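**Student:** Provided below: my_file_39.cif, containing mmCIF, N, CA and C atoms and all ligand atoms.
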data_entry
loop_
_atom_site.group_PDB
_atom_site.id
_atom_site.type_symbol
_atom_site.label_atom_id
_atom_site.label_comp_id
_atom_site.auth_asym_id
_atom_site.auth_seq_id
_atom_site.Cartn_x
_atom_site.Cartn_y
_atom_site.Cartn_z
ATOM 1 N N MET A 1 1.639 15.949 -25.820
ATOM 2 C CA MET A 1 1.939 14.679 -26.490
ATOM 3 C C MET A 1 2.259 13.619 -25.448
ATOM 4 N N ASN A 2 1.567 12.518 -25.544
ATOM 5 C CA ASN A 2 1.789 11.461 -24.565
ATOM 6 C C ASN A 2 3.054 10.673 -24.874
ATOM 7 N N PRO A 3 3.758 10.254 -23.850
ATOM 8 C CA PRO A 3 4.937 9.417 -24.090
ATOM 9 C C PRO A 3 4.533 8.119 -24.759
ATOM 10 N N ALA A 4 5.356 7.653 -25.667
ATOM 11 C CA ALA A 4 5.113 6.357 -26.287
ATOM 12 C C ALA A 4 5.269 5.273 -25.224
ATOM 13 N N SER A 5 4.507 4.235 -25.380
ATOM 14 C CA SER A 5 4.570 3.147 -24.422
ATOM 15 C C SER A 5 5.747 2.231 -24.720
ATOM 16 N N VAL A 6 6.534 1.985 -23.707
ATOM 17 C CA VAL A 6 7.679 1.091 -23.860
ATOM 18 C C VAL A 6 7.628 0.089 -22.711
ATOM 19 N N ARG A 7 8.023 -1.130 -22.994
ATOM 20 C CA ARG A 7 8.003 -2.156 -21.956
ATOM 21 C C ARG A 7 8.989 -1.862 -20.828
ATOM 22 N N SER A 8 8.808 -2.548 -19.759
ATOM 23 C CA SER A 8 9.735 -2.378 -18.642
ATOM 24 C C SER A 8 11.044 -3.103 -18.921
ATOM 25 N N VAL A 9 12.066 -2.719 -18.177
ATOM 26 C CA VAL A 9 13.417 -3.230 -18.380
ATOM 27 C C VAL A 9 13.868 -3.999 -17.149
ATOM 28 N N ASP A 10 14.449 -5.144 -17.362
ATOM 29 C CA ASP A 10 14.940 -5.954 -16.259
ATOM 30 C C ASP A 10 16.052 -5.219 -15.502
ATOM 31 N N PRO A 11 16.057 -5.290 -14.181
ATOM 32 C CA PRO A 11 17.096 -4.607 -13.399
ATOM 33 C C PRO A 11 18.503 -5.039 -13.772
ATOM 34 N N GLY A 12 18.643 -6.263 -14.274
ATOM 35 C CA GLY A 12 19.952 -6.741 -14.673
ATOM 36 C C GLY A 12 20.534 -5.971 -15.845
ATOM 37 N N VAL A 13 19.650 -5.385 -16.629
ATOM 38 C CA VAL A 13 20.078 -4.589 -17.777
ATOM 39 C C VAL A 13 20.221 -3.126 -17.385
ATOM 40 N N ALA A 14 19.569 -2.755 -16.298
ATOM 41 C CA ALA A 14 19.460 -1.348 -15.938
ATOM 42 C C ALA A 14 20.724 -0.765 -15.328
ATOM 43 N N GLY A 15 21.800 -1.539 -15.302
ATOM 44 C CA GLY A 15 23.046 -0.976 -14.811
ATOM 45 C C GLY A 15 23.655 0.007 -15.790
ATOM 46 N N ARG A 16 23.154 -0.024 -16.984
ATOM 47 C CA ARG A 16 23.674 0.885 -18.005
ATOM 48 C C ARG A 16 22.997 2.241 -17.923
ATOM 49 N N ARG A 17 23.763 3.300 -18.193
ATOM 50 C CA ARG A 17 23.187 4.647 -18.152
ATOM 51 C C ARG A 17 22.270 4.913 -19.334
ATOM 52 N N TRP A 18 22.557 4.229 -20.438
ATOM 53 C CA TRP A 18 21.794 4.458 -21.654
ATOM 54 C C TRP A 18 21.141 3.180 -22.124
ATOM 55 N N LEU A 19 20.041 3.345 -22.809
ATOM 56 C CA LEU A 19 19.348 2.202 -23.386
ATOM 57 C C LEU A 19 19.074 2.512 -24.857
ATOM 58 N N GLY A 20 19.413 1.576 -25.729
ATOM 59 C CA GLY A 20 19.170 1.778 -27.156
ATOM 60 C C GLY A 20 17.713 1.531 -27.495
ATOM 61 N N VAL A 21 17.142 2.413 -28.282
ATOM 62 C CA VAL A 21 15.730 2.302 -28.649
ATOM 63 C C VAL A 21 15.560 2.547 -30.147
ATOM 64 N N TRP A 22 14.740 1.693 -30.771
ATOM 65 C CA TRP A 22 14.338 1.955 -32.141
ATOM 66 C C TRP A 22 12.997 2.682 -32.087
ATOM 67 N N PHE A 23 12.995 3.918 -32.569
ATOM 68 C CA PHE A 23 11.769 4.708 -32.543
ATOM 69 C C PHE A 23 10.948 4.413 -33.798
ATOM 70 N N THR A 24 9.871 3.694 -33.595
ATOM 71 C CA THR A 24 9.059 3.292 -34.748
ATOM 72 C C THR A 24 8.325 4.491 -35.365
ATOM 73 N N CYS A 25 8.153 5.569 -34.602
ATOM 74 C CA CYS A 25 7.469 6.748 -35.123
ATOM 75 C C CYS A 25 8.221 7.354 -36.302
ATOM 76 N N CYS A 26 9.536 7.348 -36.255
ATOM 77 C CA CYS A 26 10.357 7.977 -37.291
ATOM 78 C C CYS A 26 11.340 7.008 -37.924
ATOM 79 N N HIS A 27 11.245 5.743 -37.563
ATOM 80 C CA HIS A 27 12.141 4.732 -38.104
ATOM 81 C C HIS A 27 13.603 5.142 -37.917
ATOM 82 N N THR A 28 13.920 5.476 -36.691
ATOM 83 C CA THR A 28 15.276 5.893 -36.401
ATOM 84 C C THR A 28 15.723 5.335 -35.055
ATOM 85 N N TYR A 29 17.038 5.223 -34.895
ATOM 86 C CA TYR A 29 17.619 4.706 -33.675
ATOM 87 C C TYR A 29 18.017 5.853 -32.752
ATOM 88 N N GLY A 30 17.808 5.632 -31.483
ATOM 89 C CA GLY A 30 18.213 6.660 -30.532
ATOM 90 C C GLY A 30 18.515 6.039 -29.183
ATOM 91 N N ARG A 31 18.849 6.882 -28.224
ATOM 92 C CA ARG A 31 19.148 6.383 -26.891
ATOM 93 C C ARG A 31 18.343 7.168 -25.867
ATOM 94 N N ILE A 32 17.943 6.491 -24.807
ATOM 95 C CA ILE A 32 17.284 7.171 -23.696
ATOM 96 C C ILE A 32 18.102 6.933 -22.444
ATOM 97 N N SER A 33 18.064 7.881 -21.529
ATOM 98 C CA SER A 33 18.945 7.820 -20.363
ATOM 99 C C SER A 33 18.176 7.464 -19.093
ATOM 100 N N ARG A 34 18.897 6.868 -18.180
ATOM 101 C CA ARG A 34 18.325 6.481 -16.885
ATOM 102 C C ARG A 34 18.123 7.730 -16.031
ATOM 103 N N ASN A 35 17.029 7.763 -15.298
ATOM 104 C CA ASN A 35 16.791 8.935 -14.444
ATOM 105 C C ASN A 35 17.612 8.847 -13.153
ATOM 106 N N ARG A 36 17.587 9.920 -12.418
ATOM 107 C CA ARG A 36 18.425 10.016 -11.208
ATOM 108 C C ARG A 36 18.091 8.957 -10.178
ATOM 109 N N ASP A 37 16.804 8.632 -10.091
ATOM 110 C CA ASP A 37 16.390 7.661 -9.081
ATOM 111 C C ASP A 37 16.672 6.225 -9.497
ATOM 112 N N GLY A 38 16.982 6.042 -10.783
ATOM 113 C CA GLY A 38 17.222 4.697 -11.263
ATOM 114 C C GLY A 38 15.963 3.873 -11.387
ATOM 115 N N THR A 39 14.822 4.542 -11.524
ATOM 116 C CA THR A 39 13.551 3.825 -11.608
ATOM 117 C C THR A 39 13.083 3.622 -13.036
ATOM 118 N N MET A 40 13.596 4.410 -13.965
ATOM 119 C CA MET A 40 13.201 4.252 -15.360
ATOM 120 C C MET A 40 14.184 4.944 -16.293
ATOM 121 N N TYR A 41 14.071 4.573 -17.556
ATOM 122 C CA TYR A 41 14.788 5.270 -18.620
ATOM 123 C C TYR A 41 13.786 6.196 -19.297
ATOM 124 N N GLU A 42 14.259 7.344 -19.726
ATOM 125 C CA GLU A 42 13.359 8.290 -20.369
ATOM 126 C C GLU A 42 14.142 9.153 -21.352
ATOM 127 N N GLY A 43 13.483 9.516 -22.448
ATOM 128 C CA GLY A 43 14.135 10.393 -23.410
ATOM 129 C C GLY A 43 13.274 10.620 -24.634
ATOM 130 N N PRO A 44 13.647 11.606 -25.451
ATOM 131 C CA PRO A 44 12.865 11.948 -26.641
ATOM 132 C C PRO A 44 13.363 11.265 -27.906
ATOM 133 N N CYS A 45 12.452 11.098 -28.838
ATOM 134 C CA CYS A 45 12.821 10.683 -30.184
ATOM 135 C C CYS A 45 13.690 11.792 -30.777
ATOM 136 N N PRO A 46 14.824 11.439 -31.392
ATOM 137 C CA PRO A 46 15.728 12.465 -31.920
ATOM 138 C C PRO A 46 15.138 13.250 -33.084
ATOM 139 N N LYS A 47 14.111 12.732 -33.706
ATOM 140 C CA LYS A 47 13.536 13.424 -34.867
ATOM 141 C C LYS A 47 12.277 14.207 -34.531
ATOM 142 N N CYS A 48 11.322 13.560 -33.850
ATOM 143 C CA CYS A 48 10.043 14.241 -33.624
ATOM 144 C C CYS A 48 9.856 14.669 -32.170
ATOM 145 N N GLY A 49 10.715 14.203 -31.273
ATOM 146 C CA GLY A 49 10.645 14.652 -29.887
ATOM 147 C C GLY A 49 9.654 13.905 -29.018
ATOM 148 N N THR A 50 8.981 12.901 -29.577
ATOM 149 C CA THR A 50 8.070 12.100 -28.765
ATOM 150 C C THR A 50 8.854 11.421 -27.647
ATOM 151 N N ARG A 51 8.419 11.622 -26.418
ATOM 152 C CA ARG A 51 9.164 11.060 -25.299
ATOM 153 C C ARG A 51 8.763 9.613 -25.048
ATOM 154 N N VAL A 52 9.745 8.807 -24.724
ATOM 155 C CA VAL A 52 9.477 7.417 -24.383
ATOM 156 C C VAL A 52 9.993 7.153 -22.972
ATOM 157 N N ARG A 53 9.332 6.233 -22.319
ATOM 158 C CA ARG A 53 9.730 5.843 -20.969
ATOM 159 C C ARG A 53 9.789 4.336 -20.879
ATOM 160 N N ALA A 54 10.720 3.847 -20.092
ATOM 161 C CA ALA A 54 10.824 2.419 -19.848
ATOM 162 C C ALA A 54 11.084 2.222 -18.362
ATOM 163 N N LYS A 55 10.114 1.636 -17.694
ATOM 164 C CA LYS A 55 10.291 1.380 -16.264
ATOM 165 C C LYS A 55 11.339 0.302 -16.039
ATOM 166 N N ILE A 56 12.026 0.383 -14.917
ATOM 167 C CA ILE A 56 12.987 -0.633 -14.523
ATOM 168 C C ILE A 56 12.339 -1.473 -13.433
ATOM 169 N N GLY A 57 12.188 -2.765 -13.699
ATOM 170 C CA GLY A 57 11.536 -3.590 -12.701
ATOM 171 C C GLY A 57 11.606 -5.065 -13.038
ATOM 172 N N GLU A 58 11.273 -5.880 -12.072
ATOM 173 C CA GLU A 58 11.279 -7.320 -12.255
ATOM 174 C C GLU A 58 10.295 -7.690 -13.353
ATOM 175 N N GLY A 59 10.691 -8.672 -14.168
ATOM 176 C CA GLY A 59 9.795 -9.136 -15.212
ATOM 177 C C GLY A 59 9.887 -8.338 -16.495
ATOM 178 N N GLY A 60 10.762 -7.333 -16.510
ATOM 179 C CA GLY A 60 10.923 -6.537 -17.722
ATOM 180 C C GLY A 60 11.785 -7.254 -18.738
ATOM 181 N N THR A 61 11.886 -6.649 -19.903
ATOM 182 C CA THR A 61 12.697 -7.261 -20.949
ATOM 183 C C THR A 61 14.169 -7.258 -20.560
ATOM 184 N N SER A 62 14.859 -8.306 -20.945
ATOM 185 C CA SER A 62 16.293 -8.368 -20.669
ATOM 186 C C SER A 62 17.100 -7.924 -21.879
ATOM 187 N N LYS A 63 16.404 -7.502 -22.934
ATOM 188 C CA LYS A 63 17.101 -7.022 -24.121
ATOM 189 C C LYS A 63 17.677 -5.633 -23.855
ATOM 190 N N ARG A 64 18.787 -5.351 -24.495
ATOM 191 C CA ARG A 64 19.411 -4.044 -24.316
ATOM 192 C C ARG A 64 19.047 -3.094 -25.441
ATOM 193 N N PHE A 65 18.165 -3.551 -26.271
ATOM 194 C CA PHE A 65 17.745 -2.733 -27.399
ATOM 195 C C PHE A 65 16.303 -3.119 -27.698
ATOM 196 N N PHE A 66 15.414 -2.163 -27.780
ATOM 197 C CA PHE A 66 14.040 -2.537 -28.130
ATOM 198 C C PHE A 66 13.314 -1.392 -28.824
ATOM 199 N N LYS A 67 12.145 -1.743 -29.333
ATOM 200 C CA LYS A 67 11.361 -0.805 -30.129
ATOM 201 C C LYS A 67 10.319 -0.098 -29.273
ATOM 202 N N THR A 68 9.981 1.124 -29.685
ATOM 203 C CA THR A 68 8.821 1.765 -29.105
ATOM 204 C C THR A 68 7.595 1.077 -29.696
ATOM 205 N N GLN A 69 6.459 1.250 -29.049
ATOM 206 C CA GLN A 69 5.241 0.575 -29.496
ATOM 207 C C GLN A 69 4.133 1.566 -29.807
HETATM 208 ZN ZN ZN B 101 9.760 10.163 -33.794
#
Written as structure tokens, that's how I'd like the structure from this file.
**Tutor:**
Amino acid sequence: MNPASVRSVDPGVAGRRWLGVWFTCCHTYGRISRNRDGTMYEGPCPKCGTRVRAKIGEGGTSKRFFKTQ
């Protein structure tokens, strides 16, 4: 199963260990965690297990909560 596509996250927001995500696959809210390298957030949908990733980089969204696509 391929990870759902999620936009990148602005480094200014990436200081948080967790990122809130609305999983459109199951219409449910969940959280994904920052990886050890601090390069992206990653985690599974709490209901179906579809993994989502969000890169941390310049030009990413500055929102602290966003939807999977
Ligand atoms: Zn799901």
**Student:** Mind telling me what the PyMOL selection byres (((chain A and resi 46) around 8) and not hetatm) catches here, as a JSON list (two decimals) with N, CA and C atoms, in the coordinates of the input?
**Tutor:**
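And here's result-v3.json as it stands now:
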[["chain", "number", "residue", "atom", "x", "y", "z"],
["A", 23, "PHE", "N", 13.00, 3.92, -32.57],
["A", 23, "PHE", "CA", 11.77, 4.71, -32.54],
["A", 23, "PHE", "C", 10.95, 4.41, -33.80],
["A", 28, "THR", "N", 13.92, 5.48, -36.69],
["A", 28, "THR", "CA", 15.28, 5.89, -36.40],
["A", 28, "THR", "C", 15.72, 5.34, -35.06],
["A", 29, "TYR", "N", 17.04, 5.22, -34.90],
["A", 29, "TYR", "CA", 17.62, 4.71, -33.67],
["A", 29, "TYR", "C", 18.02, 5.85, -32.75],
["A", 30, "GLY", "N", 17.81, 5.63, -31.48],
["A", 30, "GLY", "CA", 18.21, 6.66, -30.53],
["A", 30, "GLY", "C", 18.52, 6.04, -29.18],
["A", 31, "ARG", "N", 18.85, 6.88, -28.22],
["A", 31, "ARG", "CA", 19.15, 6.38, -26.89],
["A", 31, "ARG", "C", 18.34, 7.17, -25.87],
["A", 43, "GLY", "N", 13.48, 9.52, -22.45],
["A", 43, "GLY", "CA", 14.14, 10.39, -23.41],
["A", 43, "GLY", "C", 13.27, 10.62, -24.63],
["A", 44, "PRO", "N", 13.65, 11.61, -25.45],
["A", 44, "PRO", "CA", 12.86, 11.95, -26.64],
["A", 44, "PRO", "C", 13.36, 11.26, -27.91],
["A", 45, "CYS", "N", 12.45, 11.10, -28.84],
["A", 45, "CYS", "CA", 12.82, 10.68, -30.18],
["A", 45, "CYS", "C", 13.69, 11.79, -30.78],
["A", 47, "LYS", "N", 14.11, 12.73, -33.71],
["A", 47, "LYS", "CA", 13.54, 13.42, -34.87],
["A", 47, "LYS", "C", 12.28, 14.21, -34.53],
["A", 48, "CYS", "N", 11.32, 13.56, -33.85],
["A", 48, "CYS", "CA", 10.04, 14.24, -33.62],
["A", 48, "CYS", "C", 9.86, 14.67, -32.17],
["A", 49, "GLY", "N", 10.72, 14.20, -31.27],
["A", 49, "GLY", "CA", 10.64, 14.65, -29.89],
["A", 49, "GLY", "C", 9.65, 13.90, -29.02],
["A", 50, "THR", "N", 8.98, 12.90, -29.58],
["A", 50, "THR", "CA", 8.07, 12.10, -28.76],
["A", 50, "THR", "C", 8.85, 11.42, -27.65]]
**Student:** Translate the PyMOL selection byres (((chain A and resi 10-18) around 6.5) and not hetatm) into a concrete residue list for this structure, as a ChimeraX atom specification.
**Tutor:** /A:8-9,19-20,31-34,55-63
**Student:** Write the residues of the selection above to a file with N, CA and C atoms, as a PDB file, keeping the file's coordinate frame.
**Tutor:**
ATOM      1  N   SER A   8       8.808  -2.548 -19.759  1.00  0.00           N
ATOM      2  CA  SER A   8       9.735  -2.378 -18.642  1.00  0.00           C
ATOM      3  C   SER A   8      11.044  -3.103 -18.921  1.00  0.00           C
ATOM      4  N   VAL A   9      12.066  -2.719 -18.177  1.00  0.00           N
ATOM      5  CA  VAL A   9      13.417  -3.230 -18.380  1.00  0.00           C
ATOM      6  C   VAL A   9      13.868  -3.999 -17.149  1.00  0.00           C
ATOM      7  N   LEU A  19      20.041   3.345 -22.809  1.00  0.00           N
ATOM      8  CA  LEU A  19      19.348   2.202 -23.386  1.00  0.00           C
ATOM      9  C   LEU A  19      19.074   2.512 -24.857  1.00  0.00           C
ATOM     10  N   GLY A  20      19.413   1.576 -25.729  1.00  0.00           N
ATOM     11  CA  GLY A  20      19.170   1.778 -27.156  1.00  0.00           C
ATOM     12  C   GLY A  20      17.713   1.531 -27.495  1.00  0.00           C
ATOM     13  N   ARG A  31      18.849   6.882 -28.224  1.00  0.00           N
ATOM     14  CA  ARG A  31      19.148   6.383 -26.891  1.00  0.00           C
ATOM     15  C   ARG A  31      18.343   7.168 -25.867  1.00  0.00           C
ATOM     16  N   ILE A  32      17.943   6.491 -24.807  1.00  0.00           N
ATOM     17  CA  ILE A  32      17.284   7.171 -23.696  1.00  0.00           C
ATOM     18  C   ILE A  32      18.102   6.933 -22.444  1.00  0.00           C
ATOM     19  N   SER A  33      18.064   7.881 -21.529  1.00  0.00           N
ATOM     20  CA  SER A  33      18.945   7.820 -20.363  1.00  0.00           C
ATOM     21  C   SER A  33      18.176   7.464 -19.093  1.00  0.00           C
ATOM     22  N   ARG A  34      18.897   6.868 -18.180  1.00  0.00           N
ATOM     23  CA  ARG A  34      18.325   6.481 -16.885  1.00  0.00           C
ATOM     24  C   ARG A  34      18.123   7.730 -16.031  1.00  0.00           C
ATOM     25  N   LYS A  55      10.114   1.636 -17.694  1.00  0.00           N
ATOM     26  CA  LYS A  55      10.291   1.380 -16.264  1.00  0.00           C
ATOM     27  C   LYS A  55      11.339   0.302 -16.039  1.00  0.00           C
ATOM     28  N   ILE A  56      12.026   0.383 -14.917  1.00  0.00           N
ATOM     29  CA  ILE A  56      12.987  -0.633 -14.523  1.00  0.00           C
ATOM     30  C   ILE A  56      12.339  -1.473 -13.433  1.00  0.00           C
ATOM     31  N   GLY A  57      12.188  -2.765 -13.699  1.00  0.00           N
ATOM     32  CA  GLY A  57      11.536  -3.590 -12.701  1.00  0.00           C
ATOM     33  C   GLY A  57      11.606  -5.065 -13.038  1.00  0.00           C
ATOM     34  N   GLU A  58      11.273  -5.880 -12.072  1.00  0.00           N
ATOM     35  CA  GLU A  58      11.279  -7.320 -12.255  1.00  0.00           C
ATOM     36  C   GLU A  58      10.295  -7.690 -13.353  1.00  0.00           C
ATOM     37  N   GLY A  59      10.691  -8.672 -14.168  1.00  0.00           N
ATOM     38  CA  GLY A  59       9.795  -9.136 -15.212  1.00  0.00           C
ATOM     39  C   GLY A  59       9.887  -8.338 -16.495  1.00  0.00           C
ATOM     40  N   GLY A  60      10.762  -7.333 -16.510  1.00  0.00           N
ATOM     41  CA  GLY A  60      10.923  -6.537 -17.722  1.00  0.00           C
ATOM     42  C   GLY A  60      11.785  -7.254 -18.738  1.00  0.00           C
ATOM     43  N   THR A  61      11.886  -6.649 -19.903  1.00  0.00           N
ATOM     44  CA  THR A  61      12.697  -7.261 -20.949  1.00  0.00           C
ATOM     45  C   THR A  61      14.169  -7.258 -20.560  1.00  0.00           C
ATOM     46  N   SER A  62      14.859  -8.306 -20.945  1.00  0.00           N
ATOM     47  CA  SER A  62      16.293  -8.368 -20.669  1.00  0.00           C
ATOM     48  C   SER A  62      17.100  -7.924 -21.879  1.00  0.00           C
ATOM     49  N   LYS A  63      16.404  -7.502 -22.934  1.00  0.00           N
ATOM     50  CA  LYS A  63      17.101  -7.022 -24.121  1.00  0.00           C
ATOM     51  C   LYS A  63      17.677  -5.633 -23.855  1.00  0.00           C
TER      52      LYS A  63
END
**Student:** Report the distance between atom ZN of ligand ZN 101 (chain B) and atom CA of A:Asp37 in Å, rounded to one decimal place.
**Tutor:**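 Between atom ZN of ligand ZN 101 (chain B) and atom CA of A:Asp37 the gap works out to 25.7 Å.
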**Student:** Can you tell me how far atom C of A:Phe66 sits from atom N of A:Thr24, in Å to one decimal?
**Tutor:**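 So the answer is 7.8 Å.
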**Student:** At a cut-off of 6 Å, using only N, CA and C atoms, what residues contact A:Ala54? Leave out same-chain residues fewer than 6 positions from it and give the result as number ranges by chain.
**Tutor:** A: 6-9, 39-42
**Student:** When DSSP is applied to the backbone of this structure, which of stretch 6-65 of chain A are assigned strand (DSSP E)? Write them out as a ChimeraX atom specification.
**Tutor:** /A:18-23,28-34,40-44,51-55,65
**Student:** Just checking: using all atoms listed in the file, which residue out of A:Arg64, A:Val21, A:Val52, A:His27 ends up closest to ligand ZN 101 (chain B)?
**Tutor:** A:His27
**Student:** Could you work out how far atom C of A:Gln69 lies from atom CA of A:Trp22, giving the answer in Å with one decimal?
**Tutor:**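 Atom C of A:Gln69 lies at a distance of 10.5 Å from atom CA of A:Trp22.
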**Student:** I'd like the box whose edges run along x, y and z of the file and which contains every listed atom of stretch 28-39 of chain A, padded by 8 Å per side; could you state its centre and edge lengths in Å, one decimal, as AutoDock Vina command-line options?
**Tutor:**
--center_x 16.1 --center_y 6.8 --center_z -22.9 --size_x 22.1 --size_y 22.4 --size_z 43.6
